[in-house]
>>> print(open('start25.csv').read())   # CSV, C-alpha atoms
chain,number,residue,atom,x,y,z
C,218,MET,CA,-1.2,76.8,81.3
C,219,THR,CA,-1.4,73.6,79.3
C,220,THR,CA,0.7,70.5,80.1
C,221,ASN,CA,2.9,71.2,77.1
C,222,ASP,CA,3.3,74.9,78.1
C,223,ALA,CA,4.4,73.7,81.6
C,224,ASP,CA,7.0,71.4,80.0
C,225,LYS,CA,8.9,74.6,79.0
C,226,VAL,CA,9.0,76.1,82.5
C,227,PHE,CA,12.5,76.0,84.0
C,228,ALA,CA,12.2,78.4,87.0
C,229,GLY,CA,12.7,78.8,90.7
C,230,SER,CA,15.5,76.5,91.8
C,231,ILE,CA,15.4,74.4,88.7
C,232,PRO,CA,18.1,76.2,86.7
C,233,GLU,CA,20.7,75.8,89.5
C,234,ILE,CA,19.8,72.1,90.1
C,235,TYR,CA,19.8,71.5,86.4
C,236,ASP,CA,23.2,73.1,85.9
C,237,GLU,CA,24.8,71.5,88.9
C,238,TYR,CA,23.4,68.0,88.7
C,239,LEU,CA,21.8,67.3,85.3
C,240,VAL,CA,24.4,68.9,83.0
C,241,PRO,CA,27.3,66.6,84.1
C,242,LEU,CA,25.0,63.7,84.3
C,243,ILE,CA,23.8,63.6,80.7
C,244,PHE,CA,24.6,66.8,78.7
C,245,GLU,CA,28.3,67.3,78.8
C,246,PRO,CA,29.4,64.5,76.4
C,247,TYR,CA,26.9,65.6,73.8
C,248,ALA,CA,27.9,69.2,74.0
C,249,THR,CA,31.5,68.2,73.3
C,250,ASP,CA,30.4,66.0,70.4
C,251,LEU,CA,28.2,68.7,68.8
C,252,ALA,CA,30.9,71.4,69.0
C,253,GLY,CA,33.4,68.9,67.5
C,254,ARG,CA,31.1,68.2,64.5
C,255,LEU,CA,31.0,71.9,63.7
C,256,SER,CA,34.8,72.2,63.8
C,257,ALA,CA,35.1,71.2,60.1
C,258,PHE,CA,33.1,74.2,59.1
C,259,LYS,CA,35.4,76.7,61.0
C,260,PRO,CA,32.5,79.1,61.8
C,261,GLU,CA,33.3,82.7,62.6
C,262,SER,CA,29.8,83.4,63.9
C,263,VAL,CA,27.5,80.9,65.7
C,264,LEU,CA,23.9,81.2,66.9
C,265,GLU,CA,22.9,78.8,69.6
C,266,THR,CA,19.2,78.4,70.2
C,267,ALA,CA,17.7,76.9,73.4
C,268,ALA,CA,21.0,77.5,75.1
C,269,GLY,CA,19.8,76.5,78.6
C,270,THR,CA,22.4,77.0,81.2
C,271,GLY,CA,25.2,77.1,78.6
C,272,VAL,CA,26.9,73.7,78.5
C,273,LEU,CA,27.1,73.9,74.7
C,274,THR,CA,27.9,77.6,74.8
C,275,ARG,CA,31.0,76.7,76.8
C,276,ALA,CA,32.0,73.9,74.5
C,277,LEU,CA,31.6,76.2,71.4
C,278,ALA,CA,33.6,78.9,73.0
C,279,ALA,CA,36.4,76.4,73.8
C,280,SER,CA,36.3,75.0,70.3
C,281,PHE,CA,36.2,78.3,68.4
C,282,PRO,CA,38.2,80.8,70.4
C,283,ASP,CA,37.8,83.5,67.7
C,284,ALA,CA,34.2,83.1,66.8
C,285,ALA,CA,31.4,85.4,67.8
C,286,ILE,CA,28.7,83.4,69.6
C,287,ALA,CA,25.1,84.5,70.2
C,288,ALA,CA,23.5,82.3,72.9
C,289,SER,CA,19.7,82.5,73.0
C,290,ASP,CA,16.9,81.0,75.0
C,291,LEU,CA,13.3,81.6,75.6
C,292,ASN,CA,13.6,80.9,79.3
C,293,GLN,CA,15.3,83.9,81.0
C,294,PRO,CA,16.2,82.2,84.3
C,295,MET,CA,18.1,79.5,82.4
C,296,LEU,CA,19.9,82.2,80.3
C,297,ASP,CA,20.7,84.2,83.5
C,298,ARG,CA,22.3,81.1,85.0
C,299,ALA,CA,24.3,80.5,81.8
C,300,ALA,CA,25.6,84.1,81.7
C,301,ALA,CA,26.5,84.1,85.3
C,302,ARG,CA,28.5,80.9,85.0
C,303,PHE,CA,30.2,81.9,81.8
C,304,GLY,CA,31.3,85.3,83.0
C,305,ARG,CA,31.9,88.4,80.9
C,306,SER,CA,33.1,88.0,77.3
C,307,ALA,CA,33.2,90.4,74.4
C,308,ARG,CA,32.5,87.6,71.9
C,309,VAL,CA,29.6,85.9,73.6
C,310,THR,CA,26.3,87.6,73.8
C,311,TRP,CA,23.2,86.4,75.6
C,312,GLN,CA,19.9,87.0,73.9
C,313,HIS,CA,16.4,86.3,75.2
C,314,ALA,CA,14.8,84.9,72.0
C,315,ASP,CA,12.2,82.5,70.7
C,316,ALA,CA,13.7,80.0,68.3
C,317,LEU,CA,10.5,80.1,66.3
C,318,ALA,CA,10.8,83.9,65.8
C,319,LEU,CA,14.5,84.8,65.9
C,320,PRO,CA,15.4,88.5,66.1
C,321,PHE,CA,18.2,88.2,63.6
C,322,ALA,CA,18.6,89.2,60.0
C,323,ASP,CA,18.6,86.7,57.1
C,324,GLU,CA,21.9,84.9,56.5
C,325,SER,CA,23.6,86.3,59.6
C,326,PHE,CA,25.5,83.2,60.9
C,327,ASP,CA,28.0,80.6,59.8
C,328,ALA,CA,26.4,77.9,62.0
C,329,VAL,CA,23.3,77.4,64.1
C,330,ALA,CA,23.4,74.9,66.9
C,331,CYS,CA,20.8,73.6,69.4
C,332,GLN,CA,21.6,71.2,72.2
C,333,PHE,CA,18.5,69.1,73.2
C,334,GLY,CA,16.1,72.0,72.5
C,335,VAL,CA,14.1,71.2,69.4
C,336,MET,CA,11.9,68.7,71.3
C,337,PHE,CA,10.4,71.7,73.1
C,338,PHE,CA,9.5,73.6,69.9
C,339,PRO,CA,5.7,73.6,69.6
C,340,ASP,CA,6.1,73.9,65.8
C,341,LYS,CA,9.2,72.0,64.7
C,342,ILE,CA,9.1,73.0,61.0
C,343,ARG,CA,8.7,76.7,61.9
C,344,GLY,CA,11.8,76.4,64.2
C,345,TYR,CA,13.8,74.8,61.4
C,346,LYS,CA,12.7,77.4,58.9
C,347,GLU,CA,14.0,80.1,61.3
C,348,ALA,CA,17.3,78.3,61.7
C,349,ARG,CA,17.6,78.1,57.9
C,350,ARG,CA,16.6,81.7,57.4
C,351,VAL,CA,19.4,83.1,59.6
C,352,LEU,CA,22.1,80.7,58.2
C,353,LYS,CA,24.3,81.7,55.4
C,354,ARG,CA,23.5,79.4,52.4
C,355,GLY,CA,25.2,76.0,52.6
C,356,ARG,CA,26.2,76.4,56.2
C,357,PRO,CA,25.3,73.9,58.9
C,358,PHE,CA,22.4,73.5,61.3
C,359,ALA,CA,23.6,71.1,64.1
C,360,PHE,CA,21.4,69.7,66.8
C,361,ASN,CA,20.7,66.7,68.9
C,362,VAL,CA,17.6,65.0,70.4
C,363,TRP,CA,17.3,62.3,73.0
C,364,ASP,CA,16.6,58.8,71.7
C,365,HIS,CA,13.7,56.7,73.1
C,366,ILE,CA,13.6,56.8,76.9
C,367,GLU,CA,14.2,53.0,77.1
C,368,ARG,CA,17.7,53.6,75.5
C,369,ASN,CA,18.5,56.0,78.4
C,370,GLU,CA,18.9,53.7,81.4
C,371,LEU,CA,18.9,56.0,84.4
C,372,VAL,CA,16.0,58.1,83.4
C,373,ALA,CA,14.0,55.0,82.3
C,374,VAL,CA,14.4,53.6,85.8
C,375,VAL,CA,13.3,56.9,87.4
C,376,SER,CA,10.3,57.0,85.0
C,377,GLU,CA,9.3,53.5,86.0
C,378,ALA,CA,9.6,54.4,89.7
C,379,LEU,CA,7.4,57.4,89.3
C,380,GLU,CA,4.8,55.3,87.6
C,381,THR,CA,4.7,53.0,90.6
C,382,PHE,CA,4.7,55.9,93.0
C,383,PHE,CA,1.8,57.6,91.2
C,384,PRO,CA,0.0,54.6,89.6
C,385,ASP,CA,-3.3,56.4,88.9
C,386,ASP,CA,-1.8,59.4,87.1
C,387,PRO,CA,2.0,59.0,86.5
C,388,PRO,CA,3.9,62.1,85.6
C,389,ARG,CA,5.2,61.7,82.0
C,390,PHE,CA,7.2,64.8,81.3
C,391,MET,CA,10.4,63.0,80.3
C,392,ALA,CA,8.8,60.5,78.0
C,393,ARG,CA,6.4,63.0,76.5
C,394,THR,CA,8.9,65.9,75.7
C,395,PRO,CA,12.6,65.3,76.1
C,396,HIS,CA,12.3,61.7,74.8
C,397,GLY,CA,9.3,62.3,72.7
C,398,TYR,CA,10.9,63.3,69.4
C,399,HIS,CA,13.2,60.5,68.3
C,400,ASP,CA,11.9,59.2,65.0
C,401,ALA,CA,14.7,59.9,62.5
C,402,ASP,CA,12.3,59.7,59.5
C,403,GLU,CA,10.0,62.3,61.1
C,404,ILE,CA,12.9,64.6,61.9
C,405,ARG,CA,14.2,64.2,58.3
C,406,ARG,CA,10.7,65.0,56.9
C,407,HIS,CA,10.4,68.1,59.1
C,408,LEU,CA,13.8,69.4,58.0
C,409,GLY,CA,12.9,68.7,54.4
C,410,ASP,CA,9.7,70.6,54.7
C,411,ALA,CA,11.7,73.5,56.1
C,412,GLY,CA,14.0,73.6,53.1
C,413,PHE,CA,17.0,71.6,54.2
C,414,ILE,CA,18.4,69.2,51.6
C,415,ASP,CA,21.6,67.6,53.0
C,416,ILE,CA,20.5,65.8,56.2
C,417,VAL,CA,22.7,63.4,58.2
C,418,ILE,CA,21.3,61.7,61.3
C,419,GLU,CA,23.5,59.5,63.6
C,420,ARG,CA,22.7,57.7,66.8
C,421,VAL,CA,25.4,58.5,69.4
C,422,ASN,CA,25.7,56.4,72.6
C,423,ALA,CA,27.5,57.6,75.7
C,424,ARG,CA,27.6,56.8,79.4
C,425,SER,CA,25.9,58.7,82.2
C,426,ARG,CA,27.5,58.7,85.6
C,427,ALA,CA,26.4,60.0,89.0
C,428,PRO,CA,28.2,60.0,92.4
C,429,SER,CA,25.1,58.3,93.9
C,430,ALA,CA,21.7,57.1,93.0
C,431,TYR,CA,20.2,59.9,95.0
C,432,ASP,CA,22.1,62.5,93.0
C,433,ALA,CA,20.7,61.1,89.7
C,434,ALA,CA,17.1,60.9,91.1
C,435,PHE,CA,17.4,64.5,92.5
C,436,ALA,CA,18.7,65.7,89.1
C,437,PHE,CA,15.7,64.3,87.2
C,438,CYS,CA,12.9,64.8,89.8
C,439,GLN,CA,13.9,68.3,91.0
C,440,GLY,CA,16.0,69.8,88.2
C,441,THR,CA,13.5,69.5,85.3
C,442,PRO,CA,9.8,70.4,84.8
C,443,TRP,CA,9.0,66.8,86.0
C,444,ARG,CA,9.2,68.6,89.4
C,445,ALA,CA,5.9,70.5,88.8
C,446,GLU,CA,4.1,67.3,87.8
C,447,ILE,CA,5.4,65.5,90.9
C,448,GLU,CA,4.4,68.4,93.2
C,449,ALA,CA,1.0,68.6,91.7
C,450,ARG,CA,0.4,65.0,92.5
C,451,GLY,CA,2.3,64.5,95.7
C,452,GLY,CA,1.0,67.2,98.0
C,453,ALA,CA,3.0,68.3,101.0
C,454,GLY,CA,6.3,66.4,101.1
C,455,GLY,CA,5.5,64.5,98.0
C,456,LEU,CA,8.4,65.7,96.0
C,457,GLN,CA,11.0,64.5,98.5
C,458,LYS,CA,9.2,61.1,98.9
C,459,ALA,CA,9.0,60.6,95.1
C,460,THR,CA,12.7,61.5,94.7
C,461,GLN,CA,13.7,59.0,97.4
C,462,HIS,CA,11.5,56.4,95.8
C,463,ALA,CA,13.3,57.0,92.5
C,464,ALA,CA,16.7,56.8,94.2
C,465,ASP,CA,15.7,53.5,95.8
C,466,ALA,CA,14.8,52.1,92.4
C,467,LEU,CA,18.1,53.2,91.0
C,468,ILE,CA,19.9,51.5,93.9
C,469,GLY,CA,17.9,48.3,93.2
C,470,ARG,CA,19.0,48.4,89.6
C,471,PHE,CA,22.5,49.7,89.7
C,472,GLY,CA,23.6,49.3,93.3
C,473,ALA,CA,24.7,51.6,96.1
C,474,GLY,CA,27.6,54.1,95.6
C,475,PRO,CA,28.4,55.7,92.3
C,476,ILE,CA,26.2,54.5,89.4
C,477,GLU,CA,26.3,54.7,85.6
C,478,GLY,CA,24.1,53.7,82.7
C,479,GLY,CA,23.9,54.1,79.0
C,480,ILE,CA,22.5,57.1,77.3
C,481,ALA,CA,21.6,57.6,73.6
C,482,ALA,CA,20.8,60.5,71.4
C,483,LEU,CA,20.3,61.3,67.7
C,484,VAL,CA,22.7,63.9,66.3
C,485,VAL,CA,21.6,65.8,63.2
C,486,MET,CA,23.6,67.9,60.7
C,487,ALA,CA,21.5,69.7,58.1
C,488,ARG,CA,22.3,72.1,55.3
>>> encode(input="start25.csv", output="structure tokens")
Amino acid sequence: MTTNDADKVFAGSIPEIYDEYLVPLIFEPYATDLAGRLSAFKPESVLETAAGTGVLTRALAASFPDAAIAASDLNQPMLDRAAARFGRSARVTWQHADALALPFADESFDAVACQFGVMFFPDKIRGYKEARRVLKRGRPFAFNVWDHIERNELVAVVSEALETFFPDDPPRFMARTPHGYHDADEIRRHLGDAGFIDIVIERVNARSRAPSAYDAAFAFCQGTPWRAEIEARGGAGGLQKATQHAADALIGRFGAGPIEGGIAALVVMAR
């Protein structure tokens, strides 16, 4: 398995930690934002790609109580967590699917949405072409991507802490993949190559809050594929030591007790 392949592995205890700690830390405000942007289009059918543990699925279901939602993801453990948390619903279906090879007919959906997933696409243009293929003509493709890691304060501090903890070979998952696709011109070019014409990209700032520095460090270090990189370098007990080192760095920057910092993402609407 290559490094980039490992970046897509959310397995073991990661889905539960991700959902319990990371979703409220950084994902919830952007799920609400993305669902709100689609409200003007009043979709009756929505495809969600890279659904993860379902934070956007829940926001879409709340925003469009009559819409049929197909929530898909390549990672079955994440999808299982999403389905278990959401519960049974006749209008929400869960589909194991690759966003680069969607198992849906042409022009099947009124909207396609993707919450912080396109950064993981090994072929961005192909993924965008698939979104456009399954969209009814003129309907929206809405997604978001994380801005540069330095614009996201908590994870930037954790990243710096891991660099000092592993100075010879720092784990770079977060900078490489989640925060590695933030050039608006590049995104616009890729969408254009996929056939989209009307493209709007906006930077959206929000606040990230955690009950404690350790909660934030635990979310990032143990609820993402960063975990595998840390374990590969740290040996026995290394994961916990690295997590505590990151927590100490957050305390040094933001203080003890509840902490908060700025987060930033690019939100894209394309037709």
>>> closest_residue(input="start25.csv", among="C:Arg389, C:Arg368, C:Arg488, C:Arg470", to="Asn422 (chain C)", atoms="only C-alpha atoms")
C:Arg368
>>> atom_distance(input="start25.csv", atom1="CA of Ile418 (chain C)", atom2="CA of Ala287 (chain C)")
24.8 Å
>>> residues_around(input="start25.csv", residues="region 315-319 of chain C", least_positions_apart="2", cutoff="9 Å", atoms="all atoms listed in the file", output="number ranges by chain")
C: 266-267, 289-292, 313, 321-322, 335, 338-348, 351
>>> closest_residue(input="start25.csv", among="C:Gly412, C:Gly451, C:Pro384, C:Gly304", to="Phe358 (chain C)", atoms="only C-alpha atoms")
C:Gly412
>>> residues_around(input="start25.csv", residues="Asp364 (chain C)", least_positions_apart="4", cutoff="12 Å", atoms="all atoms listed in the file", output="number ranges by chain")
C: 333, 336, 368-370, 372-373, 391-392, 394-401, 404, 418-423, 479-484
>>> atom_distance(input="start25.csv", atom1="CA of Phe303 (chain C)", atom2="CA of Ala276 (chain C)")
11.0 Å
>>> atom_distance(input="start25.csv", atom1="CA of Ile468 (chain C)", atom2="CA of Arg393 (chain C)")
24.8 Å
>>> residues_around(input="start25.csv", residues="Ile231 (chain C)", least_positions_apart="6", cutoff="8 Å", atoms="only C-alpha atoms", output="VMD selection string")
chain C and resid 439 to 442
>>> closest_residue(input="start25.csv", among="C:Glu233, C:Glu377, C:Ala487, C:Leu264", to="Arg354 (chain C)", atoms="all atoms listed in the file")
C:Ala487
>>> residues_near_point(input="start25.csv", point="(39.6, 80.2, 68.1)", cutoff="12 Å", atoms="only C-alpha atoms", output="JSON, numbers by chain")
{"C": [256, 259, 260, 261, 262, 276, 277, 278, 279, 280, 281, 282, 283, 284, 285, 286, 308]}
>>> closest_residue(input="start25.csv", among="C:Ala330, C:Leu408, C:Ala449, C:Leu467", to="Asp386 (chain C)", atoms="only C-alpha atoms")
C:Ala449
>>> residues_around(input="start25.csv", residues="region 235-246 of chain C", least_positions_apart="6", cutoff="9 Å", atoms="all atoms listed in the file", output="ChimeraX atom specification")
/C:227,269-273,276,295,298-299,332-333,423-427,432-433,435-437,439-441,480
>>> closest_residue(input="start25.csv", among="C:Glu380, C:Asp402, C:Asp410, C:Asp323", to="Ala466 (chain C)", atoms="only C-alpha atoms")
C:Glu380
>>> closest_residue(input="start25.csv", among="C:Val362, C:Ile234, C:Leu371, C:Ala314", to="Glu265 (chain C)", atoms="all atoms listed in the file")
C:Ala314
